[in-house]
Structures are given as C-alpha cells and as structure tokens.
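Report on one structure; see the data block that follows.
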Amino acid sequence: TIVSASVFAGGLRSVDNEVFELGVNAGMINIEDFGSELTFGVSGSFKATEDFFLQVNYFQATSDLSSFEKSQGQLFGGADRDFRHFDLLVGLNIFQSEFAFKGGDANLASFYVVGGVGDTAFGGEESFTYTLGAGYQVAFNRHYIVKLDYRNYTYDSNLSDDDKTVNNGGFSLGVNYLF
C-alpha cells in the first residue's frame, strides 16, 4: 500500500495499489492422442485496470505412452515426453462481485476470460500455440486469491498424423499472492 497526498478531509489517504500477482497451480491436461496428465505451473499477472489484465503462465507435465505407442512401440522418450507450455494472455473480468463470510470484510470474486499466444514443446516439436480460456477467482483476504481455470491450447503437430491441428484442454487450481 502506498500513501499519497490528496485533499480528502484535510489529510493523507491510503491508496490501494496492489496490481501484481504471483501464483502456483496444479491441474490436469488432456494431451490429444496421449491421455490426461498432471500439471504443475506458475503464473504472474499485471492488473492494468479493474477489468483488464495481462497474464504470463508456464506449466509442464510428463506424458504416458499413447494408445498407438502401447501397441506399436514407443515413438520418443526422455525429455521429449515432457509437455511444456508458456503463454502470454490478455484477460477481461466479465462478472465481478463482492461477498462476505458471516458478516466479515467484503471479499472480491470474478469470472474472467483470457486469450493469447504462446509456445508448446512436446515430442521434439516446438509449436506456436493459441490459448483461449475462462476462470473464476475468489480473494479470501487482501492478498490471497484462489483460482479455478480452464484453458484450450491449439497448435499444429505432426507427431501422430501429418500436420494435424491439436486441441488440448486443461483445468487447474491455483493460489496467487497479490502485491
């Protein structure tokens, strides 16, 4: 919190300026043709206004064998089995609300949508990725926010077919610190 000079009742007034968030999350991603895998990630956000924000995300998962690989033999191994994704998103808070637990302080909540671009590395390929998603966040006190997110990651791949457009959907649950 920063103190700024203002003419308000003849004195100084505290201005709330927490606009940055850092967080960790865990979830599941459905890697097309390979199955669902556990993800772990980090995120950071800058709240440009009350409605708009910029967000950067990174997560990774390790894939199991695809059904094709189980019957025909493994296509790739080692670090290539790690699914790594990085993106930069623009977000819009659509529905914002306040609520209070048992008459306490008001807490903020919002439903939001995000979209942007990033990079996905998997199976020895690196692919330009489009990301679209939605989420719901609840602030349980002044600094801690819990988020539930869904994202769809779309990119071109030729791992299992020739030049196939892949859509991988994923859910995550995260805790962010607002400062």
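Labeling convention for the structure tokens: chains A, B, ... as they appear, residues from 1 per chain, ligands from 1 in order of appearance.
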request  = Write out as a list of chain:residue names which residues come within 8 Å of region 90-97 of chain A when counting only C-alpha atoms, dropping same-chain ones fewer than 6 positions away.
outcome  = A:Glu50, A:Asp51, A:Phe52, A:Phe53, A:Leu54, A:Gln55, A:Leu108, A:Ala109, A:Ser110, A:Phe111, A:Tyr112, A:Val113, A:Val114, A:Gly115, A:Gly116
inquiry  = Which residues are close to Phe76 (chain A), i.e. within 12 Å by only C-alpha atoms, leaving aside same-chain residues fewer than 2 positions away? Reply as a PyMOL selection string.
reply    = chain A and resi 63-66+69+73-74+78-82+122-125+159-160
Please write the residues from the selection above to a file, keeping C-alpha atoms, as a CSV table (one decimal), in the first residue's frame.
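Just written: again10.csv:
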```
chain,number,residue,atom,x,y,z
A,63,SER,CA,3.1,-37.8,-20.8
A,64,ASP,CA,2.5,-41.5,-20.7
A,65,LEU,CA,2.5,-43.7,-23.7
A,66,SER,CA,-0.2,-43.1,-26.3
A,69,GLU,CA,2.7,-46.5,-28.7
A,73,GLY,CA,6.2,-49.3,-29.8
A,74,GLN,CA,7.4,-46.0,-28.2
A,78,GLY,CA,13.4,-38.9,-22.4
A,79,ALA,CA,12.9,-35.1,-22.2
A,80,ASP,CA,10.7,-35.2,-25.3
A,81,ARG,CA,7.9,-36.8,-23.2
A,82,ASP,CA,7.7,-33.6,-21.1
A,122,PHE,CA,6.3,-31.7,-26.8
A,123,GLY,CA,7.7,-34.8,-28.6
A,124,GLY,CA,10.7,-32.9,-30.0
A,125,GLU,CA,8.5,-30.3,-31.6
A,159,LEU,CA,3.5,-36.4,-34.0
A,160,SER,CA,0.7,-38.9,-34.8
```
ask   = For Gly118 (chain A), which of A:Tyr136, A:Tyr144, A:Phe101, A:Tyr153 is the closest residue, counting only C-alpha atoms?
value = A:Tyr153
key: Those in region 11-55 of chain A with strand (DSSP E or B) from DSSP, as a PyMOL selection string   = chain A and resi 11-15+20-31+35-47+52-55
Preceding selection exported with N, CA and C atoms as a compact mmCIF listing (two decimals), in the first residue's frame:
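Heads up, here's the output in selection36.txt:
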```txt
# COMPACT_ATOMS: atom_id res chain seq x y z
N GLY A 11 -6.43 15.67 4.92
CA GLY A 11 -5.28 14.89 5.34
C GLY A 11 -4.80 13.93 4.27
N LEU A 12 -3.97 12.97 4.72
CA LEU A 12 -3.44 11.96 3.82
C LEU A 12 -4.39 10.78 3.76
N ARG A 13 -4.41 10.12 2.62
CA ARG A 13 -5.30 8.99 2.43
C ARG A 13 -4.50 7.83 1.84
N SER A 14 -4.79 6.62 2.27
CA SER A 14 -4.12 5.44 1.76
C SER A 14 -4.78 5.01 0.45
N VAL A 15 -3.94 4.72 -0.55
CA VAL A 15 -4.44 4.30 -1.85
C VAL A 15 -4.03 2.84 -2.06
N PHE A 20 0.00 -6.54 -8.93
CA PHE A 20 0.75 -7.70 -9.39
C PHE A 20 0.34 -8.94 -8.62
N GLU A 21 0.31 -10.08 -9.32
CA GLU A 21 0.01 -11.37 -8.71
C GLU A 21 1.07 -12.37 -9.12
N LEU A 22 1.48 -13.21 -8.20
CA LEU A 22 2.32 -14.36 -8.49
C LEU A 22 1.63 -15.58 -7.91
N GLY A 23 1.67 -16.70 -8.63
CA GLY A 23 0.96 -17.87 -8.13
C GLY A 23 1.54 -19.18 -8.59
N VAL A 24 1.06 -20.23 -7.94
CA VAL A 24 1.39 -21.61 -8.30
C VAL A 24 0.07 -22.34 -8.55
N ASN A 25 0.13 -23.36 -9.41
CA ASN A 25 -1.09 -24.11 -9.69
C ASN A 25 -0.77 -25.56 -10.03
N ALA A 26 -1.80 -26.38 -9.91
CA ALA A 26 -1.72 -27.79 -10.29
C ALA A 26 -3.03 -28.13 -10.98
N GLY A 27 -2.97 -29.09 -11.89
CA GLY A 27 -4.18 -29.45 -12.60
C GLY A 27 -3.99 -30.67 -13.48
N MET A 28 -4.87 -30.78 -14.46
CA MET A 28 -4.84 -31.88 -15.42
C MET A 28 -4.96 -31.31 -16.83
N ILE A 29 -4.18 -31.88 -17.75
CA ILE A 29 -4.31 -31.52 -19.16
C ILE A 29 -4.54 -32.79 -19.96
N ASN A 30 -5.42 -32.69 -20.93
CA ASN A 30 -5.67 -33.79 -21.85
C ASN A 30 -4.80 -33.55 -23.09
N ILE A 31 -3.71 -34.29 -23.20
CA ILE A 31 -2.82 -34.17 -24.36
C ILE A 31 -3.40 -35.06 -25.45
N GLY A 35 -3.52 -38.84 -23.70
CA GLY A 35 -4.19 -39.03 -22.41
C GLY A 35 -4.09 -37.82 -21.52
N SER A 36 -4.64 -37.95 -20.32
CA SER A 36 -4.65 -36.86 -19.34
C SER A 36 -3.48 -37.00 -18.39
N GLU A 37 -2.84 -35.87 -18.12
CA GLU A 37 -1.65 -35.87 -17.27
C GLU A 37 -1.72 -34.75 -16.24
N LEU A 38 -1.06 -34.96 -15.12
CA LEU A 38 -0.98 -33.99 -14.04
C LEU A 38 -0.03 -32.86 -14.42
N THR A 39 -0.44 -31.61 -14.17
CA THR A 39 0.40 -30.44 -14.49
C THR A 39 0.77 -29.69 -13.22
N PHE A 40 1.90 -29.02 -13.28
CA PHE A 40 2.34 -28.10 -12.23
C PHE A 40 2.84 -26.85 -12.94
N GLY A 41 2.46 -25.66 -12.41
CA GLY A 41 2.85 -24.45 -13.09
C GLY A 41 2.95 -23.24 -12.19
N VAL A 42 3.37 -22.14 -12.81
CA VAL A 42 3.47 -20.85 -12.15
C VAL A 42 2.82 -19.81 -13.05
N SER A 43 2.38 -18.71 -12.45
CA SER A 43 1.76 -17.65 -13.23
C SER A 43 2.07 -16.30 -12.60
N GLY A 44 1.94 -15.28 -13.42
CA GLY A 44 2.09 -13.91 -12.97
C GLY A 44 1.11 -13.03 -13.72
N SER A 45 0.56 -12.05 -13.04
CA SER A 45 -0.42 -11.16 -13.67
C SER A 45 -0.14 -9.72 -13.31
N PHE A 46 -0.49 -8.84 -14.23
CA PHE A 46 -0.48 -7.40 -14.02
C PHE A 46 -1.89 -6.90 -14.28
N LYS A 47 -2.49 -6.28 -13.27
CA LYS A 47 -3.85 -5.75 -13.40
C LYS A 47 -3.77 -4.33 -13.96
N PHE A 52 -9.29 -5.21 -17.04
CA PHE A 52 -8.32 -5.85 -17.92
C PHE A 52 -7.05 -6.22 -17.18
N PHE A 53 -6.44 -7.35 -17.59
CA PHE A 53 -5.17 -7.76 -17.01
C PHE A 53 -4.34 -8.50 -18.05
N LEU A 54 -3.04 -8.52 -17.81
CA LEU A 54 -2.09 -9.29 -18.61
C LEU A 54 -1.59 -10.43 -17.74
N GLN A 55 -1.44 -11.60 -18.34
CA GLN A 55 -1.05 -12.77 -17.56
C GLN A 55 0.00 -13.56 -18.33
```
message = Given only C-alpha atoms as the basis, pick out the residue of A:Val19, A:Ser157, A:Glu98, A:Asn167 nearest to Phe179 (chain A).
response = A:Val19
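Here CA of Tyr155 (chain A) is placed at a distance of 14.3 Å from CA of Gly170 (chain A).
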